[in-house]
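Undergrad: The following block contains the structure, expressed as structure tokens.
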Amino acid sequence: MSKKILITGVGGQDGYFLAKLLLERGDTVHGLLRGGSEDEIGSLKFLGEAELARIGIHRGDVTEKWFVDELIQRELFDEVFHLAAQSSVARSIGHPRETIDTNVLGLTNIATSIRDRSPKTKLLFTGSSEMFGDLTDGKQSESAPRHPQSPYGLTKDFGFQLINAYRKHYGLWAATAILFNHESEFRGEQFVTKKIIQSVARISAGRDETLSLGNIYAERDWGYAGDYMEGVLDVMALELPDDFVFATGQLHSVKDFVNLAFKHAGIELEWSGEGLDEIARDPSNGKVVVRIDEQFYRPGDIKGTCGDYSKASHQLGWKPRTTLEETISKMIQHEQSKEL
Ligand code: GDD
């Protein structure tokens, strides 16, 4: 049976994949975008015209309680996917208040409106591996200790706990999908993978440029956003709400990602130097294509994070399908098509 669904933050990378999957399923999709003019639709611009026409766009801010109340009460959605967030860890360090407003107030407003005005609506919150903080012992499952280091991580830990409390105390169908890093061709430019891919595309198109990065020894568990949104749908389909980690279980450094991305464009980097003086050259012409810039280091950066998705695998039959190389290939192809 077709469902009536709201995706908050529908203009982001994940909103694109989720909206596409739901439309394919025949659901009635509503998307919430924050302010902006009519042509500002973020990643939705990559949908086909017919698909886009089927999405009911609402514009408003999740931090405005009256707006959220009115929307939830009027539309009585079957399901709400709450994706809206200030999602950059780096930005959260410089702008903690904006991050807390959007992420904490936004979720509280959505969950409370559902509790008070549409209690049959299912609510899925997209949590983050940042709530765990650094990898200590083995991989991080749903029950791993939580030691968030950034304002962003703190807001995601708050969200995880609020969802649990509303589920327990008010009987709300509320769940958290704990998402480890997930990338795609629609990734925002503020994230390291997109920054690297854009630079590789420009350099391989013959442009003169050097990619400046911060800590290239930070390690992440990078998956493909499209796979993770399939998992998010599986969670929403459950009769009883529960929390699930979505990850690949594989750890790569930023430097590994840089090497793989350049290799994909036919450039086998040659590294030399150490610390802030570390550089990488394109051996075909000797040009420095990667260097380190202190301004991109973050206080309290997580050194490494790696997920254990065995619960999702056993209970949902989910597993990541796209390899890191395939993700890189999709990202480069997308960027190169823009360069032409
Ligand atoms: N952004 C950025 N820019 N990061 C850099 C750079 C740079 O120039 N140089 C090195 N890094 C390192 C960061 O220090 C960090 O350790 C790592 O690259 C990844 O940074 P991001 O891509 O910004 O992602 P993130 O891990 O902080 O957060 C992402 O993943 C979380 C977990 O899924 C975001 O998508 C969050 O919203 C998400 O919750």
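Order determines the names: the first chain of the structure tokens is A, the second B, and so forth; residues in each chain are numbered 1 upward, and ligands are numbered 1 upward as they are shown.
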Can you tell me which residues come within 7 Å of ligand 1 when counting only C-alpha atoms and all ligand atoms, ideally as a compact mmCIF listing (two decimals) with N, CA and C atoms, in the first residue's frame?
TA:
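Dumped to result08.txt:
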```
# COMPACT_ATOMS: atom_id res chain seq x y z
N SER A 87 25.51 19.00 9.00
CA SER A 87 26.17 17.69 8.99
C SER A 87 27.69 17.75 8.91
N SER A 88 28.27 18.95 8.91
CA SER A 88 29.73 19.02 8.84
C SER A 88 30.34 19.08 10.24
N VAL A 89 31.18 18.08 10.52
CA VAL A 89 31.86 18.04 11.82
C VAL A 89 32.77 19.28 11.94
N ALA A 90 33.49 19.58 10.85
CA ALA A 90 34.42 20.72 10.87
C ALA A 90 33.67 22.01 11.18
N GLY A 127 21.38 8.90 12.68
CA GLY A 127 22.45 9.14 13.65
C GLY A 127 23.80 9.02 12.96
N SER A 128 24.86 9.07 13.74
CA SER A 128 26.20 9.09 13.15
C SER A 128 27.22 8.37 14.02
N SER A 129 28.23 7.82 13.35
CA SER A 129 29.35 7.21 14.06
C SER A 129 30.10 8.23 14.90
N GLU A 130 29.94 9.52 14.60
CA GLU A 130 30.62 10.55 15.40
C GLU A 130 30.19 10.50 16.87
N LEU A 179 24.71 5.92 11.01
CA LEU A 179 25.41 5.86 9.73
C LEU A 179 26.89 6.22 9.89
N PHE A 180 27.74 5.32 9.43
CA PHE A 180 29.16 5.65 9.32
C PHE A 180 29.33 6.46 8.03
N ASN A 181 30.54 6.98 7.80
CA ASN A 181 30.75 7.87 6.63
C ASN A 181 30.19 7.22 5.37
N HIS A 182 29.43 7.98 4.63
CA HIS A 182 28.89 7.45 3.37
C HIS A 182 28.94 8.54 2.32
N GLN A 190 32.05 20.20 1.25
CA GLN A 190 32.75 20.43 2.52
C GLN A 190 33.39 19.15 3.08
N PHE A 191 33.09 18.00 2.45
CA PHE A 191 33.61 16.74 2.97
C PHE A 191 34.85 16.31 2.19
N VAL A 192 35.73 15.59 2.88
CA VAL A 192 37.07 15.37 2.31
C VAL A 192 37.03 14.57 1.01
N THR A 193 36.14 13.59 0.91
CA THR A 193 36.15 12.74 -0.30
C THR A 193 35.80 13.58 -1.53
N LYS A 195 36.12 16.79 -1.88
CA LYS A 195 37.20 17.74 -2.12
C LYS A 195 38.32 17.06 -2.91
N SER A 212 45.08 20.79 -1.15
CA SER A 212 45.58 21.00 0.21
C SER A 212 44.68 20.28 1.20
N LEU A 213 45.30 19.45 2.03
CA LEU A 213 44.53 18.67 3.00
C LEU A 213 45.08 18.85 4.41
N GLY A 214 44.26 18.45 5.39
CA GLY A 214 44.69 18.45 6.79
C GLY A 214 45.30 17.10 7.14
N ASN A 215 44.73 16.44 8.14
CA ASN A 215 45.31 15.18 8.62
C ASN A 215 45.00 14.03 7.66
N ILE A 216 46.00 13.63 6.90
CA ILE A 216 45.77 12.55 5.93
C ILE A 216 45.92 11.17 6.56
N ALA A 218 44.11 10.41 9.30
CA ALA A 218 42.82 10.07 9.92
C ALA A 218 42.23 8.90 9.14
N GLU A 219 41.55 8.00 9.85
CA GLU A 219 41.00 6.82 9.18
C GLU A 219 39.48 6.80 9.31
N ARG A 220 38.82 6.40 8.24
CA ARG A 220 37.36 6.34 8.24
C ARG A 220 36.87 5.05 7.59
N VAL A 254 42.75 8.78 4.99
CA VAL A 254 42.51 9.80 3.96
C VAL A 254 43.57 9.64 2.87
N PHE A 296 43.48 22.93 7.78
CA PHE A 296 42.44 21.89 7.65
C PHE A 296 42.50 20.84 8.76
N TYR A 297 43.43 21.02 9.71
CA TYR A 297 43.43 20.14 10.89
C TYR A 297 42.31 20.57 11.81
N ARG A 298 41.71 19.62 12.53
CA ARG A 298 40.63 19.94 13.48
C ARG A 298 41.02 19.61 14.89
N ASP A 301 39.74 15.98 16.42
CA ASP A 301 39.38 15.10 15.30
C ASP A 301 39.42 13.65 15.77
N ILE A 302 38.51 12.88 15.22
CA ILE A 302 38.51 11.44 15.51
C ILE A 302 39.61 10.81 14.66
N LYS A 303 40.49 10.03 15.31
CA LYS A 303 41.60 9.41 14.56
C LYS A 303 41.09 8.31 13.64
```
Undergrad: Excluding same-chain residues fewer than 6 positions from A:Ala177, what lies within 10 Å of it counting only C-alpha atoms, as a list in words?
TA: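 Counting only C-alpha atoms, the residues come to Leu124, Phe125, Thr126, Gly127, Ser128, Ser129, Glu142, Phe160, Tyr228, Met229, Gly231, Val232, Leu233, Val235, Met236, Asp242, Asp243, Phe244, Val245, Phe246 and Ala312 of chain A.
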Undergrad: Can you list, as a PyMOL selection string, every residue of stretch 60-264 of chain A that DSSP puts in strand (DSSP E or B)?
TA: chain A and resi 79-82+122-128+140+174-179+182-183+211-213+219-220+223-224+244-246+252-253
Undergrad: Restricting the output to C-alpha atoms, write the selected residues as a JSON list (two decimals), in the first residue's frame.
TA:
```json
[["chain", "number", "residue", "atom", "x", "y", "z"],
["A", 79, "GLU", "CA", 6.57, 7.85, 8.03],
["A", 80, "VAL", "CA", 9.06, 10.65, 8.66],
["A", 81, "PHE", "CA", 12.75, 10.30, 7.77],
["A", 82, "HIS", "CA", 14.53, 13.03, 9.72],
["A", 122, "LYS", "CA", 6.89, 6.29, 12.36],
["A", 123, "LEU", "CA", 10.06, 8.36, 12.89],
["A", 124, "LEU", "CA", 13.53, 7.43, 11.69],
["A", 125, "PHE", "CA", 16.49, 9.56, 12.78],
["A", 126, "THR", "CA", 19.81, 9.41, 10.94],
["A", 127, "GLY", "CA", 22.45, 9.14, 13.65],
["A", 128, "SER", "CA", 26.20, 9.09, 13.15],
["A", 140, "GLN", "CA", 31.80, -0.12, 16.79],
["A", 174, "ALA", "CA", 11.16, 5.77, 16.67],
["A", 175, "ALA", "CA", 14.48, 4.35, 15.46],
["A", 176, "THR", "CA", 18.04, 5.50, 14.78],
["A", 177, "ALA", "CA", 20.07, 4.43, 11.75],
["A", 178, "ILE", "CA", 23.64, 4.95, 12.95],
["A", 179, "LEU", "CA", 25.41, 5.86, 9.73],
["A", 182, "HIS", "CA", 28.89, 7.45, 3.37],
["A", 183, "GLU", "CA", 29.81, 9.12, 0.14],
["A", 211, "LEU", "CA", 45.10, 19.74, -3.37],
["A", 212, "SER", "CA", 45.58, 21.00, 0.21],
["A", 213, "LEU", "CA", 44.53, 18.67, 3.00],
["A", 219, "GLU", "CA", 41.00, 6.82, 9.18],
["A", 220, "ARG", "CA", 37.36, 6.34, 8.24],
["A", 223, "GLY", "CA", 30.55, 3.33, 2.34],
["A", 224, "TYR", "CA", 28.21, 4.27, -0.52],
["A", 244, "PHE", "CA", 21.10, -0.27, 13.58],
["A", 245, "VAL", "CA", 24.66, 0.49, 12.53],
["A", 246, "PHE", "CA", 25.32, 0.88, 8.80],
["A", 252, "HIS", "CA", 41.04, 3.42, 5.15],
["A", 253, "SER", "CA", 43.11, 6.52, 5.77]]
```
Undergrad: Select from stretch 97-299 of chain A everything DSSP, run on the backbone, classes as alpha helix (DSSP H), then give the selection as number ranges by chain.
TA: A: 97-100, 106-117, 151-170, 192-204, 225-236, 254-264
Undergrad: I'd like the neighbourhood of A:Leu22 as a ChimeraX atom specification, where a residue qualifies if any of its atoms comes within 10 Å (using only C-alpha atoms), though same-chain residues fewer than 2 positions away should be ignored.
TA: /A:2-5,17-20,24-29,230,233
